[in-house]
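Listing of upload06.csv; format and content: CSV, C-alpha atoms.
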```csv
chain,number,residue,atom,x,y,z
A,229,MET,CA,22.5,15.1,-15.1
A,230,THR,CA,23.4,17.6,-12.4
A,231,PHE,CA,21.0,18.6,-9.7
A,232,SER,CA,20.6,22.2,-11.1
A,233,GLU,CA,19.6,20.7,-14.5
A,234,TRP,CA,17.2,18.4,-12.8
A,235,ILE,CA,15.5,21.0,-10.7
A,236,ALA,CA,15.2,23.3,-13.8
A,237,GLU,CA,12.6,21.0,-15.3
A,238,PRO,CA,9.1,22.1,-14.2
A,239,VAL,CA,7.8,18.5,-14.1
A,240,ASN,CA,10.3,17.8,-11.4
A,241,TRP,CA,8.7,20.6,-9.3
A,242,ALA,CA,5.5,18.7,-9.7
A,243,PHE,CA,7.3,15.5,-8.6
A,244,LEU,CA,8.7,17.2,-5.5
A,245,ALA,CA,5.3,18.8,-4.7
A,246,MET,CA,3.9,15.3,-4.5
A,247,ALA,CA,6.8,13.3,-3.2
A,248,ILE,CA,7.6,15.5,-0.2
A,249,PRO,CA,4.0,15.5,1.2
A,250,MET,CA,3.9,11.8,0.4
A,251,VAL,CA,7.0,10.9,2.5
A,252,LEU,CA,5.8,13.2,5.4
A,253,ALA,CA,2.4,11.6,5.3
A,254,ALA,CA,3.9,8.2,5.3
A,255,LEU,CA,6.0,9.1,8.3
A,256,ARG,CA,2.9,10.3,10.1
A,257,VAL,CA,1.1,7.0,9.2
A,258,VAL,CA,3.7,5.0,11.1
A,259,THR,CA,4.3,7.4,14.0
A,260,SER,CA,0.8,9.0,14.7
A,261,ARG,CA,-0.6,8.3,18.1
A,262,ASN,CA,-4.2,8.3,16.7
A,263,VAL,CA,-5.4,5.4,14.6
A,264,VAL,CA,-7.9,7.5,12.7
A,265,HIS,CA,-5.3,10.1,11.9
A,266,ALA,CA,-2.9,7.3,10.7
A,267,ALA,CA,-5.6,6.0,8.3
A,268,LEU,CA,-6.3,9.5,7.0
A,269,PHE,CA,-2.6,10.2,6.4
A,270,LEU,CA,-2.5,7.0,4.4
A,271,VAL,CA,-5.2,8.7,2.2
A,272,LEU,CA,-2.8,11.6,1.6
A,273,ALA,CA,0.1,9.3,0.8
A,274,LEU,CA,-2.0,7.3,-1.7
A,275,ALA,CA,-3.4,10.4,-3.3
A,276,ALA,CA,0.1,11.7,-3.8
A,277,SER,CA,1.1,8.4,-5.4
A,278,ALA,CA,-1.9,8.6,-7.7
A,279,GLY,CA,-0.6,12.0,-8.8
A,280,LEU,CA,2.8,10.5,-9.5
A,281,PHE,CA,1.1,7.8,-11.6
A,282,ILE,CA,-0.5,10.6,-13.7
A,283,LEU,CA,2.9,12.2,-14.1
A,284,LEU,CA,4.2,8.8,-15.3
A,285,SER,CA,1.3,8.7,-17.8
A,286,ALA,CA,-0.5,5.8,-16.1
A,287,GLU,CA,-3.9,7.5,-15.8
A,288,PHE,CA,-6.0,4.4,-15.6
A,289,VAL,CA,-3.9,2.9,-12.7
A,290,ALA,CA,-4.0,6.3,-11.0
A,291,TRP,CA,-7.8,6.3,-11.0
A,292,VAL,CA,-8.0,2.7,-10.0
A,293,LEU,CA,-5.9,3.6,-7.0
A,294,VAL,CA,-8.2,6.5,-6.1
A,295,LEU,CA,-11.3,4.3,-6.5
A,296,VAL,CA,-10.0,1.1,-4.8
A,297,TYR,CA,-7.8,2.5,-2.2
A,298,ILE,CA,-9.1,5.9,-1.2
A,299,GLY,CA,-12.7,4.9,-2.0
A,300,ALA,CA,-12.9,1.4,-0.5
A,301,VAL,CA,-9.8,0.3,1.4
A,302,VAL,CA,-9.5,3.3,3.6
A,303,VAL,CA,-13.3,3.2,4.3
A,304,LEU,CA,-12.8,-0.4,5.2
A,305,PHE,CA,-10.0,0.6,7.6
A,306,LEU,CA,-12.2,3.2,9.2
A,307,PHE,CA,-14.9,0.7,9.7
A,308,GLY,CA,-12.4,-1.8,11.1
A,309,ILE,CA,-11.2,0.8,13.5
A,310,MET,CA,-14.7,1.5,14.6
A,311,ILE,CA,-15.9,-2.1,14.9
A,312,THR,CA,-12.8,-3.4,16.7
A,313,ARG,CA,-13.1,-0.5,19.1
A,314,ALA,CA,-9.5,0.3,18.4
A,315,PRO,CA,-8.5,3.2,20.6
A,316,ILE,CA,-10.0,6.2,18.9
A,317,GLY,CA,-8.4,9.4,20.0
A,318,ARG,CA,-4.9,9.9,21.4
A,319,GLU,CA,-3.4,6.7,22.6
A,320,THR,CA,0.1,6.2,23.9
A,321,ASN,CA,0.7,2.5,23.4
A,322,LEU,CA,0.0,2.1,19.7
A,323,SER,CA,3.7,1.4,19.2
A,324,HIS,CA,6.2,-0.7,21.1
A,325,ASN,CA,8.2,1.0,23.7
A,326,THR,CA,11.6,0.1,22.2
A,327,ARG,CA,11.6,1.4,18.7
A,328,TRP,CA,15.2,1.6,17.8
A,329,PRO,CA,15.5,-2.0,16.5
A,330,ALA,CA,12.7,-1.2,14.0
A,331,ALA,CA,14.3,2.0,13.0
A,332,ALA,CA,17.6,0.2,12.6
A,333,ALA,CA,16.0,-2.5,10.4
A,334,ALA,CA,14.2,0.2,8.3
A,335,LEU,CA,17.5,2.1,7.9
A,336,GLY,CA,19.2,-1.1,6.9
A,337,VAL,CA,16.6,-1.9,4.2
A,338,PHE,CA,16.9,1.7,2.9
A,339,ALA,CA,20.7,1.5,2.8
A,340,VAL,CA,20.8,-1.8,1.0
A,341,THR,CA,18.1,-0.7,-1.6
A,342,PHE,CA,19.9,2.6,-2.1
A,343,TRP,CA,23.2,0.8,-2.7
A,344,LEU,CA,21.5,-1.5,-5.1
A,345,ILE,CA,19.9,1.3,-7.1
A,346,ASN,CA,23.3,3.0,-7.3
A,347,ALA,CA,25.1,-0.2,-8.3
A,348,VAL,CA,22.5,-1.0,-11.0
A,349,THR,CA,22.5,2.5,-12.3
A,350,GLU,CA,26.3,2.3,-12.8
A,351,GLN,CA,26.0,-1.1,-14.5
A,352,MET,CA,23.1,-0.4,-16.7
A,353,GLY,CA,23.2,3.2,-17.6
A,354,GLY,CA,20.1,4.9,-18.9
A,355,PHE,CA,18.6,5.3,-15.4
A,356,GLY,CA,19.5,8.9,-15.5
A,357,ASP,CA,18.0,9.5,-18.9
A,358,PRO,CA,14.6,11.2,-19.3
A,359,LEU,CA,11.8,8.7,-19.0
A,360,PRO,CA,10.4,8.0,-22.6
A,361,ALA,CA,6.8,7.5,-21.6
A,362,VAL,CA,6.3,10.9,-19.9
A,363,GLY,CA,3.9,13.3,-21.4
A,364,ARG,CA,2.1,10.6,-23.4
A,365,ALA,CA,-1.1,9.0,-22.4
A,366,THR,CA,-1.4,5.2,-22.2
A,367,ALA,CA,-4.5,4.0,-24.0
A,368,THR,CA,-6.7,2.1,-21.5
A,369,GLY,CA,-7.6,-0.3,-24.3
A,370,ILE,CA,-4.0,-1.6,-24.2
A,371,LEU,CA,-4.5,-2.6,-20.6
A,372,GLY,CA,-7.9,-4.3,-21.4
A,373,GLU,CA,-6.3,-6.3,-24.2
A,374,GLY,CA,-3.5,-7.4,-21.9
A,375,PHE,CA,-6.1,-8.6,-19.3
A,376,ILE,CA,-8.0,-10.7,-21.8
A,377,ASN,CA,-5.1,-12.0,-23.8
A,378,ARG,CA,-1.8,-12.5,-22.2
A,379,TYR,CA,-2.8,-12.1,-18.6
A,380,LEU,CA,-6.1,-13.9,-18.8
A,381,ILE,CA,-5.3,-16.7,-16.3
A,382,PRO,CA,-3.8,-14.4,-13.7
A,383,PHE,CA,-6.9,-12.2,-14.2
A,384,GLU,CA,-9.2,-15.1,-13.5
A,385,ALA,CA,-7.0,-16.2,-10.6
A,386,VAL,CA,-7.2,-12.7,-9.0
A,387,GLY,CA,-11.0,-12.8,-9.5
A,388,PHE,CA,-11.0,-16.1,-7.6
A,389,VAL,CA,-8.9,-14.7,-4.9
A,390,LEU,CA,-11.3,-11.8,-4.5
A,391,LEU,CA,-14.2,-14.2,-4.3
A,392,ALA,CA,-12.4,-16.3,-1.7
A,393,ALA,CA,-11.6,-13.1,0.3
A,394,LEU,CA,-15.2,-12.0,0.2
A,395,ILE,CA,-16.5,-15.4,1.5
A,396,GLY,CA,-13.7,-15.7,4.0
A,397,GLY,CA,-14.3,-12.2,5.3
A,398,ILE,CA,-18.0,-12.9,5.8
A,399,THR,CA,-17.4,-16.2,7.5
A,400,LEU,CA,-14.7,-14.9,9.7
A,401,ALA,CA,-16.5,-11.7,10.8
A,402,ARG,CA,-20.0,-13.1,11.3
A,403,LYS,CA,-21.1,-13.8,14.8
A,404,ASP,CA,-21.8,-17.5,15.6
A,405,LEU,CA,-25.3,-17.7,17.0
A,406,THR,CA,-26.1,-19.9,20.0
A,407,PRO,CA,-28.9,-22.5,19.4
A,408,ALA,CA,-31.4,-20.4,21.3
A,409,GLU,CA,-30.7,-17.3,19.2
A,410,GLU,CA,-30.9,-19.4,16.1
A,411,GLU,CA,-34.4,-20.5,17.1
A,412,GLU,CA,-35.3,-16.9,17.8
A,413,GLY,CA,-34.1,-15.9,14.3
A,414,ALA,CA,-36.1,-18.8,12.7
A,415,ARG,CA,-39.3,-17.7,14.4
A,416,VAL,CA,-38.9,-14.1,13.3
B,155,MET,CA,12.1,13.1,-14.9
B,156,ILE,CA,14.5,10.2,-14.5
B,157,LEU,CA,14.0,6.7,-13.3
B,158,SER,CA,16.3,6.9,-10.2
B,159,GLN,CA,14.2,9.5,-8.4
B,160,PHE,CA,11.2,7.2,-8.4
B,161,LEU,CA,13.3,4.3,-7.3
B,162,VAL,CA,14.7,6.3,-4.4
B,163,LEU,CA,11.2,7.5,-3.4
B,164,GLY,CA,10.0,3.9,-3.5
B,165,ALA,CA,12.9,2.7,-1.3
B,166,LEU,CA,12.2,5.5,1.2
B,167,LEU,CA,8.5,4.6,1.3
B,168,PHE,CA,9.2,0.9,1.7
B,169,SER,CA,11.6,1.6,4.5
B,170,ILE,CA,9.0,3.7,6.3
B,171,GLY,CA,6.6,0.8,5.9
B,172,VAL,CA,9.2,-1.6,7.4
B,173,TYR,CA,9.6,0.7,10.3
B,174,GLY,CA,5.9,0.9,10.9
B,175,LEU,CA,5.5,-2.9,10.5
B,176,LEU,CA,8.1,-3.6,13.2
B,177,SER,CA,7.4,-0.8,15.6
B,178,ARG,CA,3.6,-0.9,15.8
B,179,ARG,CA,1.7,-2.9,18.4
B,180,ASN,CA,-1.9,-2.2,17.2
B,181,ALA,CA,-2.8,-4.7,14.5
B,182,VAL,CA,-4.8,-2.2,12.4
B,183,THR,CA,-1.8,0.1,12.2
B,184,VAL,CA,0.4,-2.8,11.2
B,185,LEU,CA,-1.9,-3.3,8.2
B,186,LEU,CA,-1.6,0.4,7.4
B,187,ALA,CA,2.2,0.0,7.3
B,188,VAL,CA,1.8,-3.0,4.9
B,189,GLU,CA,-0.3,-0.7,2.6
B,190,LEU,CA,2.5,1.8,2.5
B,191,MET,CA,4.9,-1.0,1.4
B,192,LEU,CA,2.6,-2.1,-1.3
B,193,ALA,CA,2.3,1.6,-2.5
B,194,ALA,CA,6.1,1.7,-2.8
B,195,VAL,CA,6.0,-1.5,-4.9
B,196,ASN,CA,3.4,0.1,-7.2
B,197,ILE,CA,5.5,3.2,-7.7
B,198,ASN,CA,8.4,1.0,-8.7
B,199,LEU,CA,6.2,-1.0,-11.2
B,200,ILE,CA,4.8,2.2,-12.8
B,201,ALA,CA,8.2,3.9,-13.0
B,202,PHE,CA,9.8,0.9,-14.7
B,203,GLU,CA,6.9,0.7,-17.1
B,204,ALA,CA,7.5,4.4,-18.0
B,205,PHE,CA,11.2,3.5,-18.4
B,206,TRP,CA,10.9,0.5,-20.6
B,207,ASN,CA,7.8,1.9,-22.3
B,208,THR,CA,6.5,-1.5,-23.4
B,209,ALA,CA,3.8,-1.7,-26.0
B,210,ALA,CA,1.5,-3.8,-23.9
B,211,ALA,CA,2.0,-1.8,-20.6
B,212,HIS,CA,3.0,-4.9,-18.6
B,213,GLY,CA,4.0,-2.8,-15.6
B,214,GLN,CA,0.6,-1.1,-15.3
B,215,ILE,CA,-1.1,-4.5,-15.5
B,216,PHE,CA,1.0,-5.8,-12.7
B,217,ALA,CA,0.3,-2.7,-10.6
B,218,ILE,CA,-3.5,-3.3,-11.0
B,219,PHE,CA,-2.9,-6.9,-9.8
B,220,VAL,CA,-1.0,-5.6,-6.8
B,221,ILE,CA,-3.9,-3.2,-6.0
B,222,THR,CA,-6.4,-6.1,-6.2
B,223,ILE,CA,-4.5,-8.4,-4.0
B,224,ALA,CA,-4.0,-5.6,-1.5
B,225,ALA,CA,-7.7,-5.0,-1.3
B,226,ALA,CA,-8.3,-8.7,-0.7
B,227,GLU,CA,-5.6,-8.7,2.0
B,228,VAL,CA,-7.1,-5.8,3.8
B,229,GLY,CA,-10.5,-7.4,3.8
B,230,ILE,CA,-9.3,-10.7,5.2
B,231,GLY,CA,-6.8,-9.0,7.6
B,232,LEU,CA,-9.5,-6.8,9.1
B,233,ALA,CA,-11.8,-9.8,9.5
B,234,ILE,CA,-9.1,-11.7,11.4
B,235,ILE,CA,-8.4,-8.7,13.6
B,236,LEU,CA,-12.2,-8.4,14.3
B,237,LEU,CA,-12.3,-12.1,15.3
B,238,VAL,CA,-9.2,-11.7,17.5
B,239,PHE,CA,-10.8,-8.7,19.1
B,240,ARG,CA,-14.0,-10.5,19.8
B,241,ASN,CA,-12.2,-13.4,21.5
B,242,ARG,CA,-9.3,-11.7,23.3
B,243,ALA,CA,-10.7,-8.1,23.7
B,244,SER,CA,-7.4,-6.7,22.4
B,245,GLY,CA,-6.0,-5.7,19.1
B,246,ASN,CA,-2.3,-5.6,20.2
B,247,ILE,CA,-0.3,-8.2,18.3
B,248,ASP,CA,2.2,-8.7,21.2
B,249,GLN,CA,-0.6,-10.1,23.3
B,250,LEU,CA,-1.4,-12.8,20.7
B,251,ASP,CA,1.1,-15.3,22.2
B,252,LEU,CA,-1.1,-18.3,22.0
B,253,MET,CA,1.1,-20.0,19.5
B,254,ARG,CA,4.3,-18.9,21.0
B,255,TRP,CA,6.5,-21.6,22.5
```
Before anything else, please render the file you have as structure tokens.
Amino acid sequence: MTFSEWIAEPVNWAFLAMAIPMVLAALRVVTSRNVVHAALFLVLALAASAGLFILLSAEFVAWVLVLVYIGAVVVLFLFGIMITRAPIGRETNLSHNTRWPAAAAALGVFAVTFWLINAVTEQMGGFGDPLPAVGRATATGILGEGFINRYLIPFEAVGFVLLAALIGGITLARKDLTPAEEEEGARV
Amino acid sequence: MILSQFLVLGALLFSIGVYGLLSRRNAVTVLLAVELMLAAVNINLIAFEAFWNTAAAHGQIFAIFVITIAAAEVGIGLAIILLVFRNRASGNIDQLDLMRW
């Protein structure tokens, strides 16, 4: 498929309309000098990825992403920024002073992954064919059946991990009271 | 739409996450970079699901597992950062050299 054929499909315009803001927002997440802006640009990147999931006919995952990430995780991040008194506002030392090793490592990762994608595409074939699932909705019931049949044990394990994270988060974050303060609390 | 465009987008997003992970000093922003990398993984999972088009939607189930684990990771990570902040009055990871030899 040539590029002119690819760009002629309207759905690819939708893809670009989400992919380009996503990459730009991701760049701002890692370069912004303001922690709150970085967290809010993450919202933009994740919202764009939810849009891509809808294009790929994974509606349920897209809305789970919106609920869990944009609704909860980013709020948690903003609370974390506020509570840890991370520098709100413009701050110059959020990143290391020498950044070229990090940029070199990132470029290396991208080069290797890109080379792998090319190599596998040549080997396998079919990577350039139109995706079969596009334009067809995935019934959410299929996901539910998967969770209670084949993936029951991972499902339970993930629930246990969430419980452990909940308890661990509370124990880590609570303030240890001194004996005098404990007495005070017992009297009140 | 073809599969390769999503794979390249995922690779790009993952590399941006690697850059943020290595170049950031503030611990909260390091966690934000990790979230970007997990988002890249999710794009790959969903794209491969659309490619193989399995009857039981295995790729989407795995993406939901990734989202769940990421939520747990953020909760614990922020609690640890909060604790470090309380004890050392700093959220910069290069000042956490207590275990460095």
Per-residue nearest contacts chain B to chain A, cut-off 6 Å, using only C-alpha atoms, as a Markdown table:
```
| residue | atom | partner | partner_atom | distance |
| --- | --- | --- | --- | --- |
| B:Met155 | CA | A:Pro358 | CA | 5.4 |
| B:Ile156 | CA | A:Pro358 | CA | 4.9 |
| B:Leu157 | CA | A:Phe355 | CA | 5.2 |
| B:Ser158 | CA | A:Phe355 | CA | 5.9 |
| B:Ala165 | CA | A:Phe338 | CA | 5.9 |
| B:Ser169 | CA | A:Ala334 | CA | 4.8 |
| B:Val172 | CA | A:Ala334 | CA | 5.4 |
| B:Tyr173 | CA | A:Ala334 | CA | 5.0 |
| B:Gly174 | CA | A:Val258 | CA | 4.7 |
| B:Leu176 | CA | A:Ala330 | CA | 5.2 |
| B:Ser177 | CA | A:Ala330 | CA | 5.6 |
| B:Arg178 | CA | A:Ser323 | CA | 4.1 |
| B:Arg179 | CA | A:Ser323 | CA | 4.8 |
| B:Asn180 | CA | A:Leu322 | CA | 5.3 |
| B:Ala204 | CA | A:Ala361 | CA | 4.8 |
| B:Phe205 | CA | A:Leu359 | CA | 5.3 |
| B:Asn207 | CA | A:Ala361 | CA | 5.7 |
| B:Ala210 | CA | A:Ile370 | CA | 5.9 |
| B:Ala226 | CA | A:Ala393 | CA | 5.6 |
| B:Ile230 | CA | A:Gly397 | CA | 5.2 |
| B:Ala233 | CA | A:Ala401 | CA | 5.2 |
| B:Leu236 | CA | A:Thr312 | CA | 5.6 |
```
- Message: Report, in Å with one decimal, the straight-line distance from atom CA of B:Leu163 to atom CA of A:Thr230.
- Response: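 These two atoms are separated by 18.2 Å.
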- Message: Report, in Å to a single decimal, how far apart atom CA of B:Leu186 and atom CA of B:Gln159 are.
- Response: 24.1 Å
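The spacing separating atom CA of B:Arg240 from atom CA of A:Asp404 amounts to 11.3 Å.
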- Task: Compare B:Gly229, B:Gly171, B:Gly245, B:Gly213 by their minimum atom-to-atom distance to B:Ala201, counting all atoms listed in the file, and give me the closest one.
- Result: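 Using all atoms listed in the file, the shortest distance to B:Ala201 belongs to B:Gly213.
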- Query: Which one of A:Leu380, A:Leu295, A:Met246, A:Ala276 sits closest to B:Thr222 if you count all atoms listed in the file?
  - Reply: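 Of the candidates, the smallest distance to B:Thr222 is held by A:Leu295.
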- Message: Using all atoms listed in the file - which residues lie no farther than 10 Å from the point (-0.4, -2.3, -8.3) in the file's frame? Write them as a VMD selection string.
- Response: (chain A and resid 289 to 290 292 to 293) or (chain B and resid 192 to 200 213 to 224)
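Considering only C-alpha atoms, the residue among B:Leu232, B:Ala209, B:Val184, B:Leu190 positioned nearest to B:Asn246 is B:Val184.
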Reconstructed stretch 260-290 of chain A, atom set N, CA and C atoms, as a PDB file, in the coordinates of the input:
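Ended up saving to out29.pdb:
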```pdb
ATOM      1  N   SER A 260       1.962   8.287  14.029  1.00  0.00           N
ATOM      2  CA  SER A 260       0.800   9.000  14.700  1.00  0.00           C
ATOM      3  C   SER A 260       0.308   8.206  15.857  1.00  0.00           C
ATOM      4  N   ARG A 261      -0.109   8.925  16.886  1.00  0.00           N
ATOM      5  CA  ARG A 261      -0.600   8.300  18.100  1.00  0.00           C
ATOM      6  C   ARG A 261      -2.118   8.057  18.010  1.00  0.00           C
ATOM      7  N   ASN A 262      -2.714   8.422  16.890  1.00  0.00           N
ATOM      8  CA  ASN A 262      -4.200   8.300  16.700  1.00  0.00           C
ATOM      9  C   ASN A 262      -4.433   7.445  15.526  1.00  0.00           C
ATOM     10  N   VAL A 263      -5.162   6.353  15.720  1.00  0.00           N
ATOM     11  CA  VAL A 263      -5.400   5.400  14.600  1.00  0.00           C
ATOM     12  C   VAL A 263      -6.097   6.043  13.455  1.00  0.00           C
ATOM     13  N   VAL A 264      -7.108   6.846  13.769  1.00  0.00           N
ATOM     14  CA  VAL A 264      -7.900   7.500  12.700  1.00  0.00           C
ATOM     15  C   VAL A 264      -7.020   8.420  11.898  1.00  0.00           C
ATOM     16  N   HIS A 265      -6.169   9.197  12.595  1.00  0.00           N
ATOM     17  CA  HIS A 265      -5.300  10.100  11.900  1.00  0.00           C
ATOM     18  C   HIS A 265      -4.320   9.291  10.987  1.00  0.00           C
ATOM     19  N   ALA A 266      -3.820   8.163  11.495  1.00  0.00           N
ATOM     20  CA  ALA A 266      -2.900   7.300  10.700  1.00  0.00           C
ATOM     21  C   ALA A 266      -3.609   6.902   9.406  1.00  0.00           C
ATOM     22  N   ALA A 267      -4.875   6.452   9.515  1.00  0.00           N
ATOM     23  CA  ALA A 267      -5.600   6.000   8.300  1.00  0.00           C
ATOM     24  C   ALA A 267      -5.820   7.174   7.362  1.00  0.00           C
ATOM     25  N   LEU A 268      -6.074   8.374   7.902  1.00  0.00           N
ATOM     26  CA  LEU A 268      -6.300   9.500   7.000  1.00  0.00           C
ATOM     27  C   LEU A 268      -5.033  10.004   6.375  1.00  0.00           C
ATOM     28  N   PHE A 269      -3.904   9.889   7.079  1.00  0.00           N
ATOM     29  CA  PHE A 269      -2.600  10.200   6.400  1.00  0.00           C
ATOM     30  C   PHE A 269      -2.281   9.249   5.339  1.00  0.00           C
ATOM     31  N   LEU A 270      -2.748   7.989   5.483  1.00  0.00           N
ATOM     32  CA  LEU A 270      -2.500   7.000   4.400  1.00  0.00           C
ATOM     33  C   LEU A 270      -3.280   7.500   3.136  1.00  0.00           C
ATOM     34  N   VAL A 271      -4.465   8.112   3.306  1.00  0.00           N
ATOM     35  CA  VAL A 271      -5.200   8.700   2.200  1.00  0.00           C
ATOM     36  C   VAL A 271      -4.316   9.696   1.438  1.00  0.00           C
ATOM     37  N   LEU A 272      -3.674  10.567   2.233  1.00  0.00           N
ATOM     38  CA  LEU A 272      -2.800  11.600   1.600  1.00  0.00           C
ATOM     39  C   LEU A 272      -1.672  10.976   0.853  1.00  0.00           C
ATOM     40  N   ALA A 273      -1.017   9.982   1.473  1.00  0.00           N
ATOM     41  CA  ALA A 273       0.100   9.300   0.800  1.00  0.00           C
ATOM     42  C   ALA A 273      -0.332   8.670  -0.488  1.00  0.00           C
ATOM     43  N   LEU A 274      -1.502   7.990  -0.455  1.00  0.00           N
ATOM     44  CA  LEU A 274      -2.000   7.300  -1.700  1.00  0.00           C
ATOM     45  C   LEU A 274      -2.420   8.259  -2.726  1.00  0.00           C
ATOM     46  N   ALA A 275      -3.031   9.375  -2.310  1.00  0.00           N
ATOM     47  CA  ALA A 275      -3.400  10.400  -3.300  1.00  0.00           C
ATOM     48  C   ALA A 275      -2.191  10.948  -3.989  1.00  0.00           C
ATOM     49  N   ALA A 276      -1.112  11.182  -3.229  1.00  0.00           N
ATOM     50  CA  ALA A 276       0.100  11.700  -3.800  1.00  0.00           C
ATOM     51  C   ALA A 276       0.683  10.641  -4.803  1.00  0.00           C
ATOM     52  N   SER A 277       0.585   9.352  -4.459  1.00  0.00           N
ATOM     53  CA  SER A 277       1.100   8.400  -5.400  1.00  0.00           C
ATOM     54  C   SER A 277       0.246   8.277  -6.638  1.00  0.00           C
ATOM     55  N   ALA A 278      -1.065   8.510  -6.504  1.00  0.00           N
ATOM     56  CA  ALA A 278      -1.900   8.600  -7.700  1.00  0.00           C
ATOM     57  C   ALA A 278      -1.469   9.737  -8.595  1.00  0.00           C
ATOM     58  N   GLY A 279      -1.112  10.876  -7.976  1.00  0.00           N
ATOM     59  CA  GLY A 279      -0.600  12.000  -8.800  1.00  0.00           C
ATOM     60  C   GLY A 279       0.681  11.662  -9.490  1.00  0.00           C
ATOM     61  N   LEU A 280       1.571  10.908  -8.812  1.00  0.00           N
ATOM     62  CA  LEU A 280       2.800  10.500  -9.500  1.00  0.00           C
ATOM     63  C   LEU A 280       2.514   9.587 -10.656  1.00  0.00           C
ATOM     64  N   PHE A 281       1.495   8.718 -10.520  1.00  0.00           N
ATOM     65  CA  PHE A 281       1.100   7.800 -11.600  1.00  0.00           C
ATOM     66  C   PHE A 281       0.689   8.646 -12.831  1.00  0.00           C
ATOM     67  N   ILE A 282      -0.044   9.735 -12.564  1.00  0.00           N
ATOM     68  CA  ILE A 282      -0.500  10.600 -13.700  1.00  0.00           C
ATOM     69  C   ILE A 282       0.731  11.224 -14.340  1.00  0.00           C
ATOM     70  N   LEU A 283       1.705  11.653 -13.526  1.00  0.00           N
ATOM     71  CA  LEU A 283       2.900  12.200 -14.100  1.00  0.00           C
ATOM     72  C   LEU A 283       3.638  11.171 -14.971  1.00  0.00           C
ATOM     73  N   LEU A 284       3.551   9.906 -14.576  1.00  0.00           N
ATOM     74  CA  LEU A 284       4.200   8.800 -15.300  1.00  0.00           C
ATOM     75  C   LEU A 284       3.306   8.296 -16.430  1.00  0.00           C
ATOM     76  N   SER A 285       2.267   9.019 -16.779  1.00  0.00           N
ATOM     77  CA  SER A 285       1.300   8.700 -17.800  1.00  0.00           C
ATOM     78  C   SER A 285       0.675   7.325 -17.642  1.00  0.00           C
ATOM     79  N   ALA A 286       0.301   7.012 -16.386  1.00  0.00           N
ATOM     80  CA  ALA A 286      -0.500   5.800 -16.100  1.00  0.00           C
ATOM     81  C   ALA A 286      -1.803   6.243 -15.509  1.00  0.00           C
ATOM     82  N   GLU A 287      -2.645   6.886 -16.346  1.00  0.00           N
ATOM     83  CA  GLU A 287      -3.900   7.500 -15.800  1.00  0.00           C
ATOM     84  C   GLU A 287      -4.817   6.459 -15.256  1.00  0.00           C
ATOM     85  N   PHE A 288      -4.969   5.334 -15.995  1.00  0.00           N
ATOM     86  CA  PHE A 288      -6.000   4.400 -15.600  1.00  0.00           C
ATOM     87  C   PHE A 288      -5.603   3.798 -14.183  1.00  0.00           C
ATOM     88  N   VAL A 289      -4.308   3.476 -13.992  1.00  0.00           N
ATOM     89  CA  VAL A 289      -3.900   2.900 -12.700  1.00  0.00           C
ATOM     90  C   VAL A 289      -4.095   3.974 -11.608  1.00  0.00           C
ATOM     91  N   ALA A 290      -3.845   5.249 -11.946  1.00  0.00           N
ATOM     92  CA  ALA A 290      -4.000   6.300 -11.000  1.00  0.00           C
ATOM     93  C   ALA A 290      -5.472   6.347 -10.484  1.00  0.00           C
TER      94      ALA A 290
END
```
